[in-house]
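Below is one structure, written out as structure tokens, with a few remarks after it.
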Amino acid sequence: MNIIIPYRREKSMKVIFHPRFYEVYTSDPAAAAGRMESIAKALEKDFEFVEPGPASERDLERVHGRSHIQDVKRDSLVYEIGCLSAGGAILAAEMAFEDQPSFGLIRPPGHHASPHSCWGFCYFNNIAIAIKKLISEEKIRSALILDFDLHFGDGTSNTFSSSPPVSYFHPEATRREGFLEEVQRSLQTERPYDLIAVSAGFDRHEEDWGGLLKTEDYFTIGKWAKEASLQHCRGRRFGVLEGGYNHLVLGRNVRSFLQGLSD
Ligand SMILES: [Zn+2]
């Protein structure tokens with residue numbers, strides 16, 4: 001007797017998302033109406049969505065000073081969504097630690113948030129908060145952060161400048177081939193790492209502010225990050241959204257990256 005097993009689409013990569021990320025919490029391009037919709041629409045058929053809870057104040061304090069947290073708190077909407085965004089990064093990191101690759105489809109972004117200040121549409125450093133939590137719980141000792149956003153993640157770099165077990169790489173070559181070579185080199189670092197975290201900003205796309213990368217390049221970068229994680233850290237990998245502002249191409253660029261990063 002033949003047993004017919006119905007085809008089931010494999011949904012290996014989890015997308016961490018909260019409906020409150022649709023809210024327009026301020027007037028910058030990261031908070032623009034329609035931005036998250038354009039990405040969610042491109043991902044919903046292929047990936048399972050998981051809702052995060054907010055980061056706690058204790059989670060924020062592993063990266064940020066109390067006065068910075070109080071400053072952000074003055075705008076309660078920004079604070080609430082900022083905590084959910086950091087919570088999304090934490091959940092993505094925890095899933096990665098449990099061998100479940102994941103992507104935090106979150107906003108506000110975080111890589112320009114330093115311990116005591118922030119700028120560039122960022123408030124709390126999502127990826128740094130997530131990594132610090134795993135380190136403080138002794139789940140991991142080291143991490144590699146690859147940031148392919150158009151802009152240097154000064155907040156992430158400042159957070160980990162005195163923590164050598166966490167390496168931060170931001171490729172900056174101005175030509176496409178050179179940029180991709182830099183990405184590849186950063187993943188082949190000699191330093192051991194227990195997890196790969198990707199600050200995924202899509203503003204370097206040819207139809208976005210940076211005018212450089214093609215949509216398929218995000219697949220390539222995702223695939224390299226996956227391969228490096230399988231080689232160096234048991235496949236533990238996650239990404240979080242940073243920049244990317246052209247709503248017409250953003251969804252397909254994020255999908256391309258996730259297809260590469262996925263199994
Ligand atoms: Zn950017």
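Residue numbering restarts at 1 for every chain of the structure tokens, chains are lettered A, B, ... in their displayed order, and ligands are numbered from 1 as they appear.
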Pick out each residue of stretch 23-246 of chain A that DSSP on the backbone tags as strand (DSSP E or B); I need them as a ChimeraX atom specification. /A:48-50,102-104,113,118,143-147,166-169,196-200,205,213,237-241
Check which residues fall inside 9 Å of ligand 1 when counting only C-alpha atoms and all ligand atoms, and print them as an mmCIF file with N, CA, C and O atoms, in the first residue's frame.
data_model
loop_
_atom_site.group_PDB
_atom_site.id
_atom_site.type_symbol
_atom_site.label_atom_id
_atom_site.label_comp_id
_atom_site.auth_asym_id
_atom_site.auth_seq_id
_atom_site.Cartn_x
_atom_site.Cartn_y
_atom_site.Cartn_z
ATOM 1 N N HIS A 111 21.497 49.757 15.998
ATOM 2 C CA HIS A 111 22.970 49.769 15.986
ATOM 3 C C HIS A 111 23.622 51.134 16.209
ATOM 4 O O HIS A 111 24.830 51.208 16.412
ATOM 5 N N HIS A 112 22.834 52.219 16.201
ATOM 6 C CA HIS A 112 23.381 53.546 16.565
ATOM 7 C C HIS A 112 23.104 53.893 18.033
ATOM 8 O O HIS A 112 23.272 55.058 18.429
ATOM 9 N N GLY A 120 20.294 58.435 14.906
ATOM 10 C CA GLY A 120 20.076 57.616 13.703
ATOM 11 C C GLY A 120 18.911 56.646 13.812
ATOM 12 O O GLY A 120 19.029 55.487 13.408
ATOM 13 N N PHE A 148 25.901 44.532 7.958
ATOM 14 C CA PHE A 148 26.038 44.928 6.547
ATOM 15 C C PHE A 148 25.160 46.114 6.173
ATOM 16 O O PHE A 148 24.953 46.413 5.006
ATOM 17 N N ASP A 149 24.675 46.822 7.174
ATOM 18 C CA ASP A 149 23.947 48.075 6.948
ATOM 19 C C ASP A 149 24.878 49.077 6.243
ATOM 20 O O ASP A 149 26.092 48.980 6.333
ATOM 21 N N LEU A 150 24.285 50.038 5.562
ATOM 22 C CA LEU A 150 25.076 51.085 4.917
ATOM 23 C C LEU A 150 25.917 51.846 5.944
ATOM 24 O O LEU A 150 27.035 52.272 5.649
ATOM 25 N N HIS A 151 25.381 52.033 7.140
ATOM 26 C CA HIS A 151 26.023 52.876 8.147
ATOM 27 C C HIS A 151 26.768 52.060 9.199
ATOM 28 O O HIS A 151 26.306 50.982 9.601
ATOM 29 N N PHE A 152 27.877 52.600 9.663
ATOM 30 C CA PHE A 152 28.664 51.973 10.733
ATOM 31 C C PHE A 152 27.847 51.951 12.024
ATOM 32 O O PHE A 152 27.298 52.980 12.438
ATOM 33 N N GLY A 153 27.792 50.783 12.654
ATOM 34 C CA GLY A 153 27.012 50.654 13.894
ATOM 35 C C GLY A 153 27.836 51.107 15.088
ATOM 36 O O GLY A 153 28.342 50.299 15.871
ATOM 37 N N GLY A 201 20.941 45.491 7.687
ATOM 38 C CA GLY A 201 20.371 46.736 7.160
ATOM 39 C C GLY A 201 20.398 46.651 5.646
ATOM 40 O O GLY A 201 21.401 46.225 5.066
ATOM 41 N N PHE A 202 19.326 47.061 5.014
ATOM 42 C CA PHE A 202 19.198 46.864 3.570
ATOM 43 C C PHE A 202 19.296 48.181 2.797
ATOM 44 O O PHE A 202 18.917 48.263 1.645
ATOM 45 N N ASP A 203 19.854 49.211 3.464
ATOM 46 C CA ASP A 203 19.960 50.527 2.827
ATOM 47 C C ASP A 203 21.164 50.644 1.890
ATOM 48 O O ASP A 203 21.388 51.706 1.308
ATOM 49 N N ARG A 204 21.939 49.548 1.722
ATOM 50 C CA ARG A 204 23.040 49.585 0.768
ATOM 51 C C ARG A 204 22.607 49.011 -0.594
ATOM 52 O O ARG A 204 23.407 48.888 -1.520
ATOM 53 N N TRP A 209 19.417 53.905 -0.355
ATOM 54 C CA TRP A 209 20.335 55.034 -0.199
ATOM 55 C C TRP A 209 21.758 54.763 -0.673
ATOM 56 O O TRP A 209 22.420 55.642 -1.203
ATOM 57 N N GLY A 210 22.258 53.534 -0.444
ATOM 58 C CA GLY A 210 23.668 53.243 -0.729
ATOM 59 C C GLY A 210 23.964 52.933 -2.180
ATOM 60 O O GLY A 210 25.102 53.061 -2.629
ATOM 61 N N GLU A 242 17.971 46.256 10.696
ATOM 62 C CA GLU A 242 18.440 47.606 11.032
ATOM 63 C C GLU A 242 17.808 48.572 10.025
ATOM 64 O O GLU A 242 16.634 48.820 10.098
ATOM 65 N N GLY A 243 18.597 49.096 9.053
ATOM 66 C CA GLY A 243 18.025 50.056 8.097
ATOM 67 C C GLY A 243 17.423 49.396 6.860
ATOM 68 O O GLY A 243 17.330 48.172 6.771
ATOM 69 N N GLY A 244 17.090 50.248 5.879
ATOM 70 C CA GLY A 244 16.427 49.807 4.647
ATOM 71 C C GLY A 244 15.163 50.625 4.490
ATOM 72 O O GLY A 244 14.275 50.533 5.329
ATOM 73 N N TYR A 245 15.117 51.449 3.441
ATOM 74 C CA TYR A 245 14.072 52.479 3.411
ATOM 75 C C TYR A 245 13.243 52.541 2.135
ATOM 76 O O TYR A 245 12.256 53.270 2.090
#
Report, in Å with one decimal, the straight-line distance from atom CA of A:Asp217 to atom CA of A:Ile127.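 Pair atom CA of A:Asp217 / atom CA of A:Ile127 returns 22.3 Å.
Nearest residue to A:Phe21 among A:Lys45, A:Leu91, A:Glu80, A:Gly65 is A:Glu80, counting only C-alpha atoms.
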To one decimal place in Å, what is the distance between atom CA of A:Ser262 and atom CA of A:Gly222?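 About the pair atom CA of A:Ser262 and atom CA of A:Gly222: they are 7.8 Å apart.
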Near A:Cys83, counting only C-alpha atoms, which residues have an atom at most 6 Å away, once you skip same-chain residues fewer than 4 positions from it, shown as a list in words?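 In the requested form, the answer reads Pro54, Ala55 and Gly87 of chain A.
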Restrict the selected residues to C-alpha atoms and save them as a CSV table (one decimal), in the first residue's frame.
chain,number,residue,atom,x,y,z
A,54,PRO,CA,9.2,43.1,25.8
A,55,ALA,CA,12.8,43.3,27.1
A,87,GLY,CA,12.7,41.8,23.3
Taking the DSSP assignment computed from this structure's backbone, write out as a PyMOL selection string all residues of stretch 25-122 of chain A that belong to helix (DSSP H, G or I). chain A and resi 29-31+35-43+57-61+66-73+76-97
With N, CA and C atoms retained, export the selected residues as a CSV table (one decimal), in the first residue's frame.
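The resulting part-v8.csv:
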chain,number,residue,atom,x,y,z
A,29,PRO,N,12.5,57.8,8.9
A,29,PRO,CA,12.2,56.9,7.9
A,29,PRO,C,12.1,55.4,8.4
A,30,ALA,N,12.8,55.1,9.5
A,30,ALA,CA,12.7,53.7,10.1
A,30,ALA,C,11.3,53.5,10.6
A,31,ALA,N,10.6,54.5,11.1
A,31,ALA,CA,9.3,54.4,11.7
A,31,ALA,C,8.2,54.7,10.7
A,35,ARG,N,6.4,50.5,6.0
A,35,ARG,CA,7.7,49.9,5.9
A,35,ARG,C,7.6,48.4,6.4
A,36,MET,N,7.1,48.2,7.6
A,36,MET,CA,7.1,46.8,8.1
A,36,MET,C,6.1,46.0,7.3
A,37,GLU,N,5.0,46.6,6.8
A,37,GLU,CA,4.0,45.9,6.0
A,37,GLU,C,4.7,45.3,4.8
A,38,SER,N,5.6,46.1,4.1
A,38,SER,CA,6.2,45.7,2.9
A,38,SER,C,7.1,44.4,3.1
A,39,ILE,N,7.7,44.4,4.3
A,39,ILE,CA,8.5,43.2,4.6
A,39,ILE,C,7.7,42.0,5.0
A,40,ALA,N,6.7,42.2,5.9
A,40,ALA,CA,5.9,41.1,6.5
A,40,ALA,C,5.2,40.4,5.3
A,41,LYS,N,4.7,41.2,4.4
A,41,LYS,CA,4.0,40.7,3.2
A,41,LYS,C,4.9,39.7,2.4
A,42,ALA,N,6.1,40.1,2.3
A,42,ALA,CA,7.0,39.3,1.5
A,42,ALA,C,7.5,38.0,2.2
A,43,LEU,N,7.3,38.0,3.5
A,43,LEU,CA,7.8,36.8,4.3
A,43,LEU,C,6.7,35.9,4.7
A,57,GLU,N,13.7,46.0,32.1
A,57,GLU,CA,14.6,47.0,32.3
A,57,GLU,C,16.0,46.5,32.7
A,58,ARG,N,16.0,45.3,33.3
A,58,ARG,CA,17.3,44.6,33.6
A,58,ARG,C,18.0,44.3,32.3
A,59,ASP,N,17.3,43.8,31.3
A,59,ASP,CA,17.9,43.5,30.0
A,59,ASP,C,18.5,44.8,29.4
A,60,LEU,N,17.8,45.9,29.5
A,60,LEU,CA,18.3,47.1,28.9
A,60,LEU,C,19.6,47.6,29.6
A,61,GLU,N,19.6,47.4,30.9
A,61,GLU,CA,20.7,47.9,31.8
A,61,GLU,C,22.0,47.1,31.5
A,66,ARG,N,21.4,54.1,33.3
A,66,ARG,CA,20.1,54.4,33.8
A,66,ARG,C,19.6,55.7,33.2
A,67,SER,N,20.4,56.7,33.0
A,67,SER,CA,20.0,58.0,32.6
A,67,SER,C,19.5,58.0,31.1
A,68,HIS,N,20.2,57.1,30.3
A,68,HIS,CA,19.8,57.0,28.9
A,68,HIS,C,18.4,56.3,28.9
A,69,ILE,N,18.2,55.3,29.7
A,69,ILE,CA,16.9,54.6,29.7
A,69,ILE,C,15.8,55.6,30.2
A,70,GLN,N,16.1,56.4,31.2
A,70,GLN,CA,15.1,57.4,31.6
A,70,GLN,C,14.8,58.4,30.5
A,71,ASP,N,15.8,58.8,29.7
A,71,ASP,CA,15.6,59.7,28.6
A,71,ASP,C,14.6,59.2,27.6
A,72,VAL,N,14.8,57.9,27.3
A,72,VAL,CA,13.9,57.2,26.3
A,72,VAL,C,12.5,57.1,26.8
A,73,LYS,N,12.4,56.8,28.1
A,73,LYS,CA,11.2,56.6,28.8
A,73,LYS,C,10.2,57.8,28.7
A,76,SER,N,6.6,57.6,26.1
A,76,SER,CA,6.2,56.3,26.5
A,76,SER,C,5.9,55.3,25.3
A,77,LEU,N,5.5,55.9,24.2
A,77,LEU,CA,5.2,55.1,23.0
A,77,LEU,C,6.6,54.5,22.4
A,78,VAL,N,7.5,55.4,22.3
A,78,VAL,CA,8.9,55.0,21.8
A,78,VAL,C,9.4,53.9,22.8
A,79,TYR,N,9.3,54.2,24.1
A,79,TYR,CA,9.8,53.3,25.1
A,79,TYR,C,9.2,51.9,25.0
A,80,GLU,N,7.9,51.9,24.9
A,80,GLU,CA,7.2,50.6,24.8
A,80,GLU,C,7.6,49.8,23.6
A,81,ILE,N,7.6,50.5,22.4
A,81,ILE,CA,8.0,49.7,21.2
A,81,ILE,C,9.4,49.4,21.2
A,82,GLY,N,10.2,50.3,21.8
A,82,GLY,CA,11.7,50.0,21.9
A,82,GLY,C,12.0,48.8,22.7
A,83,CYS,N,11.2,48.6,23.8
A,83,CYS,CA,11.4,47.4,24.7
A,83,CYS,C,10.9,46.1,23.9
A,84,LEU,N,9.9,46.3,23.1
A,84,LEU,CA,9.4,45.1,22.3
A,84,LEU,C,10.5,44.7,21.3
A,85,SER,N,11.1,45.8,20.7
A,85,SER,CA,12.1,45.5,19.6
A,85,SER,C,13.3,44.8,20.2
A,86,ALA,N,13.8,45.3,21.4
A,86,ALA,CA,14.9,44.6,22.1
A,86,ALA,C,14.4,43.2,22.5
A,87,GLY,N,13.2,43.1,22.9
A,87,GLY,CA,12.7,41.8,23.3
A,87,GLY,C,12.7,40.8,22.1
A,88,GLY,N,12.4,41.4,20.9
A,88,GLY,CA,12.4,40.6,19.7
A,88,GLY,C,13.8,40.1,19.4
A,89,ALA,N,14.8,40.9,19.6
A,89,ALA,CA,16.2,40.5,19.4
A,89,ALA,C,16.6,39.4,20.4
A,90,ILE,N,16.2,39.6,21.6
A,90,ILE,CA,16.5,38.6,22.7
A,90,ILE,C,15.9,37.3,22.3
A,91,LEU,N,14.6,37.3,21.9
A,91,LEU,CA,14.0,36.0,21.5
A,91,LEU,C,14.7,35.3,20.3
A,92,ALA,N,15.1,36.2,19.3
A,92,ALA,CA,15.8,35.6,18.2
A,92,ALA,C,17.1,35.0,18.6
A,93,ALA,N,17.8,35.7,19.5
A,93,ALA,CA,19.1,35.1,20.0
A,93,ALA,C,18.9,33.9,20.8
A,94,GLU,N,17.9,33.8,21.6
A,94,GLU,CA,17.6,32.6,22.4
A,94,GLU,C,17.3,31.5,21.5
A,95,MET,N,16.5,31.7,20.5
A,95,MET,CA,16.2,30.6,19.5
A,95,MET,C,17.4,30.2,18.8
A,96,ALA,N,18.3,31.1,18.4
A,96,ALA,CA,19.5,30.7,17.7
A,96,ALA,C,20.3,29.8,18.7
A,97,PHE,N,20.4,30.2,19.9
A,97,PHE,CA,21.1,29.4,20.9
A,97,PHE,C,20.6,28.0,21.0
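Of the residues under consideration (A:Glu138, A:Asp194, A:Asp28, A:Glu207), A:Asp194 shows the shortest atom-to-atom contact distance to A:Asp99 when counting only C-alpha atoms.
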